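Asker: entry_35.csv is the file, holding CSV, N, CA and C atoms and all ligand atoms:
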```csv
chain,number,residue,atom,x,y,z
A,1452,MET,N,0.5,23.0,9.1
A,1452,MET,CA,0.9,22.6,7.7
A,1452,MET,C,-0.3,22.8,6.8
A,1453,GLY,N,-0.1,23.7,5.8
A,1453,GLY,CA,-1.3,24.0,5.0
A,1453,GLY,C,-1.3,23.1,3.7
A,1454,LYS,N,-2.3,23.4,2.9
A,1454,LYS,CA,-2.5,22.6,1.7
A,1454,LYS,C,-1.5,23.0,0.6
A,1455,ASP,N,-0.9,24.2,0.8
A,1455,ASP,CA,0.0,24.7,-0.2
A,1455,ASP,C,1.4,24.3,0.0
A,1456,GLN,N,1.6,23.3,0.9
A,1456,GLN,CA,3.0,22.8,1.1
A,1456,GLN,C,3.5,22.2,-0.2
A,1457,PRO,N,4.8,22.3,-0.5
A,1457,PRO,CA,5.3,21.7,-1.8
A,1457,PRO,C,5.2,20.2,-1.8
A,1458,LYS,N,4.9,19.6,-2.9
A,1458,LYS,CA,4.7,18.2,-3.0
A,1458,LYS,C,5.7,17.7,-4.1
A,1459,GLN,N,6.1,16.4,-3.9
A,1459,GLN,CA,6.9,15.7,-4.8
A,1459,GLN,C,6.1,14.6,-5.4
A,1460,GLU,N,6.3,14.4,-6.7
A,1460,GLU,CA,5.5,13.3,-7.4
A,1460,GLU,C,6.3,12.1,-7.5
A,1461,PHE,N,5.7,10.9,-7.2
A,1461,PHE,CA,6.4,9.6,-7.3
A,1461,PHE,C,5.6,8.6,-8.1
A,1462,LYS,N,6.3,7.7,-8.7
A,1462,LYS,CA,5.6,6.6,-9.4
A,1462,LYS,C,5.5,5.4,-8.4
A,1463,PHE,N,4.3,5.0,-8.1
A,1463,PHE,CA,4.1,3.9,-7.1
A,1463,PHE,C,3.7,2.7,-7.8
A,1464,GLY,N,4.6,1.7,-7.9
A,1464,GLY,CA,4.3,0.5,-8.7
A,1464,GLY,C,4.1,-0.7,-7.8
A,1465,LEU,N,3.1,-1.6,-8.2
A,1465,LEU,CA,2.7,-2.8,-7.5
A,1465,LEU,C,3.0,-4.0,-8.4
A,1466,TYR,N,3.6,-5.0,-7.9
A,1466,TYR,CA,3.9,-6.2,-8.7
A,1466,TYR,C,3.4,-7.4,-8.1
A,1467,GLN,N,4.1,-8.5,-8.1
A,1467,GLN,CA,3.6,-9.8,-7.6
A,1467,GLN,C,3.4,-9.7,-6.1
A,1468,GLY,N,2.2,-10.3,-5.7
A,1468,GLY,CA,1.9,-10.4,-4.3
A,1468,GLY,C,1.4,-11.7,-3.9
A,1469,GLN,N,1.3,-11.9,-2.5
A,1469,GLN,CA,0.8,-13.2,-2.0
A,1469,GLN,C,0.0,-12.9,-0.8
A,1470,VAL,N,-1.2,-13.5,-0.7
A,1470,VAL,CA,-2.1,-13.4,0.5
A,1470,VAL,C,-2.0,-14.8,1.2
A,1471,TYR,N,-1.6,-14.8,2.4
A,1471,TYR,CA,-1.2,-16.1,3.1
A,1471,TYR,C,-2.5,-16.9,3.5
A,1472,GLU,N,-3.6,-16.2,3.8
A,1472,GLU,CA,-4.8,-16.9,4.3
A,1472,GLU,C,-6.0,-16.6,3.4
A,1473,ALA,N,-6.8,-17.6,3.1
A,1473,ALA,CA,-8.1,-17.3,2.4
A,1473,ALA,C,-8.9,-16.3,3.2
A,1474,GLN,N,-9.6,-15.4,2.5
A,1474,GLN,CA,-10.4,-14.5,3.2
A,1474,GLN,C,-11.9,-14.7,2.9
A,1475,ASP,N,-12.1,-15.5,1.8
A,1475,ASP,CA,-13.5,-15.8,1.4
A,1475,ASP,C,-13.8,-17.3,1.4
A,1476,LEU,N,-15.1,-17.6,1.3
A,1476,LEU,CA,-15.5,-19.0,1.4
A,1476,LEU,C,-15.0,-19.8,0.2
A,1477,ASN,N,-14.7,-19.2,-0.9
A,1477,ASN,CA,-14.1,-19.9,-2.0
A,1477,ASN,C,-12.6,-20.3,-1.8
A,1478,GLY,N,-12.1,-20.0,-0.6
A,1478,GLY,CA,-10.7,-20.3,-0.4
A,1478,GLY,C,-9.7,-19.3,-1.0
A,1479,LYS,N,-10.3,-18.2,-1.5
A,1479,LYS,CA,-9.4,-17.1,-2.1
A,1479,LYS,C,-9.6,-15.8,-1.4
A,1480,ALA,N,-9.2,-14.8,-2.1
A,1480,ALA,CA,-9.4,-13.4,-1.6
A,1480,ALA,C,-9.5,-12.5,-2.8
A,1481,ASP,N,-9.9,-11.3,-2.6
A,1481,ASP,CA,-10.0,-10.3,-3.7
A,1481,ASP,C,-9.1,-9.1,-3.2
A,1482,PRO,N,-7.8,-9.3,-3.3
A,1482,PRO,CA,-6.9,-8.3,-2.7
A,1482,PRO,C,-6.8,-7.0,-3.5
A,1483,PHE,N,-6.6,-5.9,-2.7
A,1483,PHE,CA,-6.2,-4.6,-3.3
A,1483,PHE,C,-5.3,-3.9,-2.3
A,1484,VAL,N,-4.6,-2.9,-2.7
A,1484,VAL,CA,-3.6,-2.2,-1.9
A,1484,VAL,C,-4.0,-0.7,-2.0
A,1485,GLN,N,-3.9,0.0,-0.8
A,1485,GLN,CA,-4.0,1.4,-0.9
A,1485,GLN,C,-2.9,2.1,-0.1
A,1486,VAL,N,-2.6,3.3,-0.5
A,1486,VAL,CA,-1.5,4.0,0.2
A,1486,VAL,C,-1.9,5.3,0.7
A,1487,LYS,N,-1.5,5.7,1.9
A,1487,LYS,CA,-1.8,7.0,2.5
A,1487,LYS,C,-0.4,7.5,3.0
A,1488,ALA,N,-0.4,8.8,3.3
A,1488,ALA,CA,0.7,9.5,4.0
A,1488,ALA,C,0.4,9.6,5.5
A,1489,ILE,N,1.5,9.4,6.3
A,1489,ILE,CA,1.3,9.6,7.7
A,1489,ILE,C,1.7,11.1,8.0
A,1490,GLU,N,0.7,11.9,8.5
A,1490,GLU,CA,0.9,13.3,8.8
A,1490,GLU,C,1.8,13.5,10.0
A,1491,THR,N,2.3,14.7,10.2
A,1491,THR,CA,3.2,14.9,11.4
A,1491,THR,C,2.5,14.7,12.7
A,1492,ASP,N,1.1,14.7,12.8
A,1492,ASP,CA,0.4,14.5,14.0
A,1492,ASP,C,0.1,13.0,14.2
A,1493,GLY,N,0.5,12.2,13.2
A,1493,GLY,CA,0.3,10.7,13.3
A,1493,GLY,C,-1.0,10.3,12.6
A,1494,SER,N,-1.8,11.2,12.2
A,1494,SER,CA,-3.0,10.8,11.5
A,1494,SER,C,-2.7,10.4,10.0
A,1495,HIS,N,-3.6,9.8,9.4
A,1495,HIS,CA,-3.4,9.3,8.0
A,1495,HIS,C,-4.1,10.3,7.0
A,1496,SER,N,-3.4,10.5,5.9
A,1496,SER,CA,-4.0,11.4,4.9
A,1496,SER,C,-5.1,10.6,4.2
A,1497,LYS,N,-5.8,11.3,3.2
A,1497,LYS,CA,-6.7,10.6,2.4
A,1497,LYS,C,-5.9,9.6,1.5
A,1498,VAL,N,-6.6,8.7,0.8
A,1498,VAL,CA,-6.0,7.7,0.0
A,1498,VAL,C,-5.3,8.4,-1.2
A,1499,LEU,N,-3.9,8.2,-1.3
A,1499,LEU,CA,-3.2,8.7,-2.4
A,1499,LEU,C,-3.3,7.9,-3.6
A,1500,PHE,N,-3.4,6.6,-3.4
A,1500,PHE,CA,-3.5,5.6,-4.5
A,1500,PHE,C,-4.2,4.4,-4.1
A,1501,LYS,N,-5.1,3.9,-4.9
A,1501,LYS,CA,-5.7,2.6,-4.6
A,1501,LYS,C,-5.6,1.7,-5.9
A,1502,SER,N,-5.1,0.5,-5.7
A,1502,SER,CA,-4.9,-0.4,-6.8
A,1502,SER,C,-6.2,-0.9,-7.3
A,1503,THR,N,-6.1,-1.6,-8.4
A,1503,THR,CA,-7.3,-2.4,-8.9
A,1503,THR,C,-7.5,-3.6,-7.9
A,1504,VAL,N,-8.7,-4.2,-8.0
A,1504,VAL,CA,-8.9,-5.4,-7.1
A,1504,VAL,C,-8.7,-6.6,-8.0
A,1505,LYS,N,-7.9,-7.5,-7.5
A,1505,LYS,CA,-7.6,-8.8,-8.2
A,1505,LYS,C,-8.6,-9.8,-7.6
A,1506,LYS,N,-9.5,-10.3,-8.5
A,1506,LYS,CA,-10.6,-11.2,-8.0
A,1506,LYS,C,-10.1,-12.6,-7.8
A,1507,ALA,N,-10.6,-13.2,-6.7
A,1507,ALA,CA,-10.5,-14.6,-6.4
A,1507,ALA,C,-9.1,-15.2,-6.6
A,1508,THR,N,-8.1,-14.6,-5.9
A,1508,THR,CA,-6.7,-15.1,-6.0
A,1508,THR,C,-6.0,-14.9,-4.7
A,1509,LEU,N,-5.0,-15.8,-4.4
A,1509,LEU,CA,-4.1,-15.6,-3.3
A,1509,LEU,C,-2.7,-15.2,-3.8
A,1510,THR,N,-2.6,-15.1,-5.1
A,1510,THR,CA,-1.3,-14.8,-5.7
A,1510,THR,C,-1.5,-13.7,-6.8
A,1511,PRO,N,-1.9,-12.5,-6.3
A,1511,PRO,CA,-2.2,-11.4,-7.2
A,1511,PRO,C,-1.0,-10.9,-7.9
A,1512,ALA,N,-1.1,-10.6,-9.2
A,1512,ALA,CA,0.0,-9.9,-9.9
A,1512,ALA,C,-0.6,-8.6,-10.5
A,1513,TRP,N,-0.2,-7.5,-9.9
A,1513,TRP,CA,-0.9,-6.3,-10.3
A,1513,TRP,C,-0.2,-5.7,-11.6
A,1514,ASN,N,1.2,-5.6,-11.5
A,1514,ASN,CA,1.9,-5.0,-12.6
A,1514,ASN,C,1.2,-3.7,-13.1
A,1515,GLU,N,1.0,-2.8,-12.1
A,1515,GLU,CA,0.4,-1.5,-12.4
A,1515,GLU,C,1.1,-0.5,-11.5
A,1516,TYR,N,0.9,0.8,-11.9
A,1516,TYR,CA,1.4,1.8,-11.1
A,1516,TYR,C,0.5,3.0,-11.2
A,1517,GLY,N,0.7,3.9,-10.1
A,1517,GLY,CA,0.0,5.1,-10.1
A,1517,GLY,C,0.9,6.2,-9.7
A,1518,LYS,N,0.5,7.4,-9.9
A,1518,LYS,CA,1.3,8.6,-9.5
A,1518,LYS,C,0.8,9.1,-8.2
A,1519,ILE,N,1.7,9.3,-7.2
A,1519,ILE,CA,1.3,9.8,-5.9
A,1519,ILE,C,2.0,11.1,-5.7
A,1520,LYS,N,1.3,12.1,-5.1
A,1520,LYS,CA,2.0,13.3,-4.7
A,1520,LYS,C,2.1,13.3,-3.2
A,1521,VAL,N,3.4,13.5,-2.7
A,1521,VAL,CA,3.7,13.4,-1.3
A,1521,VAL,C,4.2,14.8,-0.8
A,1522,LYS,N,3.7,15.4,0.2
A,1522,LYS,CA,4.2,16.6,0.7
A,1522,LYS,C,5.6,16.5,1.3
A,1523,ASP,N,6.4,17.5,1.1
A,1523,ASP,CA,7.8,17.5,1.5
A,1523,ASP,C,8.1,17.1,2.9
A,1524,TYR,N,7.1,17.4,3.8
A,1524,TYR,CA,7.4,17.2,5.2
A,1524,TYR,C,7.0,15.7,5.7
A,1525,VAL,N,6.4,15.0,4.8
A,1525,VAL,CA,5.9,13.6,5.1
A,1525,VAL,C,7.1,12.7,5.2
A,1526,ASN,N,7.2,12.0,6.4
A,1526,ASN,CA,8.3,11.1,6.6
A,1526,ASN,C,8.0,9.6,6.3
A,1527,ASP,N,6.7,9.3,6.4
A,1527,ASP,CA,6.3,7.9,6.2
A,1527,ASP,C,5.1,7.8,5.4
A,1528,LEU,N,5.0,6.7,4.6
A,1528,LEU,CA,3.8,6.3,3.9
A,1528,LEU,C,3.3,5.0,4.7
A,1529,ILE,N,1.9,4.8,4.6
A,1529,ILE,CA,1.4,3.6,5.1
A,1529,ILE,C,0.7,2.9,4.0
A,1530,VAL,N,1.1,1.6,3.8
A,1530,VAL,CA,0.4,0.8,2.7
A,1530,VAL,C,-0.4,-0.2,3.4
A,1531,GLU,N,-1.7,-0.4,2.9
A,1531,GLU,CA,-2.6,-1.4,3.5
A,1531,GLU,C,-3.1,-2.3,2.5
A,1532,LEU,N,-3.2,-3.6,2.9
A,1532,LEU,CA,-3.7,-4.6,2.0
A,1532,LEU,C,-5.1,-5.0,2.5
A,1533,TYR,N,-6.1,-5.1,1.6
A,1533,TYR,CA,-7.4,-5.4,2.0
A,1533,TYR,C,-8.0,-6.5,1.1
A,1534,ASP,N,-9.0,-7.2,1.6
A,1534,ASP,CA,-9.8,-8.1,0.7
A,1534,ASP,C,-11.1,-7.4,0.5
A,1535,GLU,N,-11.4,-7.2,-0.8
A,1535,GLU,CA,-12.7,-6.6,-1.2
A,1535,GLU,C,-13.9,-7.5,-0.9
A,1536,ASP,N,-14.9,-7.0,-0.2
A,1536,ASP,CA,-16.1,-7.7,0.0
A,1536,ASP,C,-17.3,-6.9,-0.3
A,1537,LEU,N,-18.4,-7.5,-0.5
A,1537,LEU,CA,-19.6,-6.7,-0.9
A,1537,LEU,C,-20.0,-5.7,0.2
A,1538,LEU,N,-20.1,-6.1,1.4
A,1538,LEU,CA,-20.5,-5.3,2.5
A,1538,LEU,C,-19.4,-4.4,3.1
A,1539,LYS,N,-18.4,-5.1,3.6
A,1539,LYS,CA,-17.3,-4.3,4.2
A,1539,LYS,C,-16.0,-5.0,3.8
A,1540,ASN,N,-15.0,-4.2,3.3
A,1540,ASN,CA,-13.7,-4.8,3.0
A,1540,ASN,C,-13.0,-5.3,4.2
A,1541,ASP,N,-12.3,-6.4,4.1
A,1541,ASP,CA,-11.6,-7.0,5.2
A,1541,ASP,C,-10.2,-6.5,5.2
A,1542,PHE,N,-9.7,-6.0,6.4
A,1542,PHE,CA,-8.3,-5.6,6.5
A,1542,PHE,C,-7.5,-6.8,6.6
A,1543,ILE,N,-6.4,-6.9,5.9
A,1543,ILE,CA,-5.5,-8.0,5.9
A,1543,ILE,C,-4.2,-7.6,6.7
A,1544,GLY,N,-3.6,-6.5,6.2
A,1544,GLY,CA,-2.3,-6.1,6.9
A,1544,GLY,C,-1.9,-4.7,6.4
A,1545,ARG,N,-0.8,-4.2,7.1
A,1545,ARG,CA,-0.3,-2.9,6.8
A,1545,ARG,C,1.2,-2.9,7.0
A,1546,GLN,N,1.8,-1.9,6.4
A,1546,GLN,CA,3.3,-1.7,6.6
A,1546,GLN,C,3.6,-0.2,6.4
A,1547,VAL,N,4.6,0.2,7.0
A,1547,VAL,CA,5.1,1.6,6.9
A,1547,VAL,C,6.3,1.7,6.0
A,1548,ILE,N,6.3,2.6,5.1
A,1548,ILE,CA,7.5,2.8,4.2
A,1548,ILE,C,8.1,4.2,4.5
A,1549,ASN,N,9.4,4.2,4.8
A,1549,ASN,CA,10.1,5.4,5.2
A,1549,ASN,C,10.4,6.2,3.9
A,1550,MET,N,9.9,7.5,3.9
A,1550,MET,CA,10.1,8.3,2.7
A,1550,MET,C,11.6,8.7,2.5
A,1551,GLY,N,12.4,8.7,3.6
A,1551,GLY,CA,13.8,9.0,3.5
A,1551,GLY,C,14.5,8.0,2.5
A,1552,ARG,N,14.1,6.7,2.7
A,1552,ARG,CA,14.7,5.7,1.8
A,1552,ARG,C,14.1,5.9,0.4
A,1553,VAL,N,12.9,6.3,0.2
A,1553,VAL,CA,12.3,6.5,-1.1
A,1553,VAL,C,13.0,7.6,-1.8
A,1554,ARG,N,13.2,8.7,-1.0
A,1554,ARG,CA,13.7,9.9,-1.6
A,1554,ARG,C,15.2,9.8,-2.0
A,1555,SER,N,15.9,8.8,-1.3
A,1555,SER,CA,17.3,8.7,-1.6
A,1555,SER,C,17.6,7.8,-2.8
A,1556,GLY,N,16.6,7.3,-3.5
A,1556,GLY,CA,16.8,6.5,-4.7
A,1556,GLY,C,15.6,5.7,-5.0
A,1557,ILE,N,15.8,4.7,-5.9
A,1557,ILE,CA,14.7,3.8,-6.2
A,1557,ILE,C,14.4,2.9,-5.1
A,1558,PHE,N,13.2,2.8,-4.7
A,1558,PHE,CA,12.8,1.9,-3.6
A,1558,PHE,C,12.1,0.7,-4.3
A,1559,ASP,N,12.7,-0.5,-4.0
A,1559,ASP,CA,12.2,-1.7,-4.7
A,1559,ASP,C,12.2,-2.9,-3.7
A,1560,GLU,N,11.1,-3.2,-3.0
A,1560,GLU,CA,11.2,-4.2,-1.9
A,1560,GLU,C,9.9,-5.1,-1.9
A,1561,LEU,N,10.1,-6.2,-1.3
A,1561,LEU,CA,9.0,-7.1,-1.0
A,1561,LEU,C,8.4,-6.7,0.3
A,1562,ILE,N,7.3,-6.0,0.3
A,1562,ILE,CA,6.7,-5.5,1.5
A,1562,ILE,C,5.9,-6.6,2.3
A,1563,LYS,N,6.2,-6.7,3.6
A,1563,LYS,CA,5.4,-7.6,4.4
A,1563,LYS,C,4.3,-6.9,5.1
A,1564,PHE,N,3.1,-7.4,4.8
A,1564,PHE,CA,1.9,-6.7,5.5
A,1564,PHE,C,1.6,-7.4,6.8
A,1565,GLU,N,1.5,-6.7,7.8
A,1565,GLU,CA,1.3,-7.2,9.2
A,1565,GLU,C,-0.1,-6.8,9.7
A,1566,ASP,N,-0.7,-7.8,10.4
A,1566,ASP,CA,-2.0,-7.5,11.0
A,1566,ASP,C,-1.8,-6.8,12.4
A,1567,ASP,N,-2.8,-6.6,13.1
A,1567,ASP,CA,-2.7,-5.8,14.4
A,1567,ASP,C,-1.9,-6.5,15.4
A,1568,LYS,N,-1.6,-7.8,15.2
A,1568,LYS,CA,-0.8,-8.6,16.1
A,1568,LYS,C,0.6,-8.8,15.6
A,1569,ASN,N,1.0,-8.0,14.6
A,1569,ASN,CA,2.3,-8.0,14.0
A,1569,ASN,C,2.6,-9.4,13.3
A,1570,CYS,N,1.6,-10.1,12.9
A,1570,CYS,CA,1.8,-11.3,12.1
A,1570,CYS,C,1.7,-10.9,10.6
A,1571,VAL,N,2.7,-11.5,9.9
A,1571,VAL,CA,2.7,-11.2,8.5
A,1571,VAL,C,1.6,-12.0,7.8
A,1572,LYS,N,0.7,-11.3,7.0
A,1572,LYS,CA,-0.4,-11.9,6.4
A,1572,LYS,C,-0.3,-11.9,4.9
A,1573,GLY,N,0.7,-11.3,4.4
A,1573,GLY,CA,0.8,-11.3,2.9
A,1573,GLY,C,2.0,-10.4,2.5
A,1574,THR,N,2.4,-10.5,1.3
A,1574,THR,CA,3.5,-9.7,0.8
A,1574,THR,C,3.2,-9.2,-0.6
A,1575,VAL,N,3.7,-8.0,-0.9
A,1575,VAL,CA,3.6,-7.5,-2.3
A,1575,VAL,C,4.9,-6.8,-2.6
A,1576,ARG,N,5.4,-7.0,-3.8
A,1576,ARG,CA,6.6,-6.2,-4.3
A,1576,ARG,C,6.2,-4.9,-4.7
A,1577,ILE,N,6.8,-3.9,-4.1
A,1577,ILE,CA,6.4,-2.5,-4.3
A,1577,ILE,C,7.7,-1.7,-4.7
A,1578,LYS,N,7.5,-0.9,-5.8
A,1578,LYS,CA,8.6,-0.1,-6.3
A,1578,LYS,C,8.1,1.3,-6.3
A,1579,ILE,N,8.9,2.2,-5.8
A,1579,ILE,CA,8.6,3.6,-5.8
A,1579,ILE,C,9.8,4.4,-6.3
A,1580,GLU,N,9.5,5.3,-7.3
A,1580,GLU,CA,10.6,6.1,-7.8
A,1580,GLU,C,10.1,7.5,-8.0
A,1581,ARG,N,11.1,8.4,-8.0
A,1581,ARG,CA,10.8,9.8,-8.2
A,1581,ARG,C,10.3,10.0,-9.6
A,1582,ASN,N,9.3,10.7,-9.8
A,1582,ASN,CA,8.8,10.9,-11.2
A,1582,ASN,C,9.5,11.9,-12.0
B,1601,CA,CA,-13.6,-11.0,-0.7
```
Step by step, read the file and then write its structure as structure tokens.
Answerer:
Amino acid sequence: MGKDQPKQEFKFGLYQGQVYEAQDLNGKADPFVQVKAIETDGSHSKVLFKSTVKKATLTPAWNEYGKIKVKDYVNDLIVELYDEDLLKNDFIGRQVINMGRVRSGIFDELIKFEDDKNCVKGTVRIKIERN
């Protein structure tokens, strides 16, 4: 699969979120979300979109969107929730979004972010529509 594969552009919107557990000593977190495509070999693409960081909150409200370009053959996106830290960002959770559902209409869901043990660690409302 080459770099000249056709791509579709989508509007990737982030709204109200919740981080279930404090990540920092102040009892809060500095959450941000990033999205990548899952390639046909299972590897992850470079970051297609990274949200702003919401400082010192467990109830972030982003109300922002970015444009992402997704290759036609991509079946899934992976969205990851992190806590920003000075030295190393802490992973909070991830979820997979099926592109078939996105391509068939407007995708508007409360995404549950799961850690490596499949425990839900937070939620974010995500809306994706064809641009
Ligand atoms: Ca932090």
Asker: Show which residues sit within 7 Å of segment 1479-1485 of chain A, as a VMD selection string. Count all atoms listed in the file, and ignore same-chain residues fewer than 6 positions away.
Answerer: chain A and resid 1472 to 1473 1498 to 1509 1529 to 1536
Asker: Can you work out the spacing between atom C of Leu1537 of chain A and atom CA of Gly1478 of chain A in Å, to one decimal?
Answerer: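 It comes out at 17.3 Å.
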Asker: A:Tyr1471, A:Phe1542, A:Tyr1466, A:Phe1558: which is nearest Trp1513 of chain A, counting all atoms listed in the file?
Answerer: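 Closest to Trp1513 of chain A, using all atoms listed in the file: A:Tyr1466.
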Asker: Which one is closest to Asn1549 of chain A: A:Glu1515, A:Glu1580, A:Asp1567, A:Asp1527? Count all atoms listed in the file.
Answerer: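 Of all the options, A:Asp1527 lies closest to Asn1549 of chain A.
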Asker: Restricting the calculation to only N, CA and C atoms and all ligand atoms, which member of A:Met1550, A:Ile1579, A:Ile1543, A:Leu1476 is positioned closest to ligand CA 1601 (chain B)?
Answerer: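 Smallest distance to ligand CA 1601 (chain B) is found for A:Leu1476.
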Asker: With only N, CA and C atoms as the basis for distance, which of A:Arg1581, A:His1495, A:Lys1520, A:Lys1572 is at the shortest distance from Ile1557 of chain A?
Answerer: A:Arg1581
Asker: What is the distance between atom CA of Lys1563 of chain A and atom N of Ser1494 of chain A, in Å to one decimal?
Answerer: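 One can read the atom CA of Lys1563 of chain A to atom N of Ser1494 of chain A distance as 21.6 Å.
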Asker: Select, from A:Val1521, A:Ile1489, A:Ala1512, A:Leu1538, the residue with the minimum atom-to-atom distance to ligand CA 1601 (chain B), counting only C-alpha atoms and all ligand atoms.
Answerer: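 Closest residue, counting only C-alpha atoms and all ligand atoms: A:Leu1538.
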Asker: Any idea what the distance is between atom CA of Ile1548 of chain A and atom CA of Asn1526 of chain A?
Answerer: 8.7 Å
Asker: From a DSSP pass on the backbone, collect the residues of segment 1455-1582 of chain A flagged as alpha helix (DSSP H) and hand them back as a list in words.
Answerer: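 Alpha helix (DSSP H) assignments inside segment 1455-1582 of chain A correspond to Met1550, Gly1551, Arg1552, Val1553 and Arg1554 of chain A.
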Asker: Which residue out of A:Ile1519, A:Val1575, A:Val1553, A:Val1470 has the minimum interatomic distance to ligand CA 1601 (chain B) when only C-alpha atoms and all ligand atoms are used?
Answerer: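 Among the listed residues, A:Val1470 lies closest to ligand CA 1601 (chain B).
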Asker: Please report, as lines of an AutoDock Vina configuration file, the centre and edge lengths in Å to one decimal of an axis-aligned box covering all listed atoms of segment 1520-1525 of chain A with 4 Å per side.
Answerer:
```
center_x = 4.7
center_y = 14.8
center_z = 0.3
size_x = 14.8
size_y = 13.4
size_z = 18.8
```
Asker: Tell me, as a list of chain:residue names, which residues lie within 6.5 Å of Asp1559 of chain A, counting all atoms listed in the file; anything in the same chain fewer than 5 positions away does not count.
Answerer: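 Counting only the stated atoms, we get A:Arg1576, A:Ile1577, A:Lys1578, A:Ile1579.
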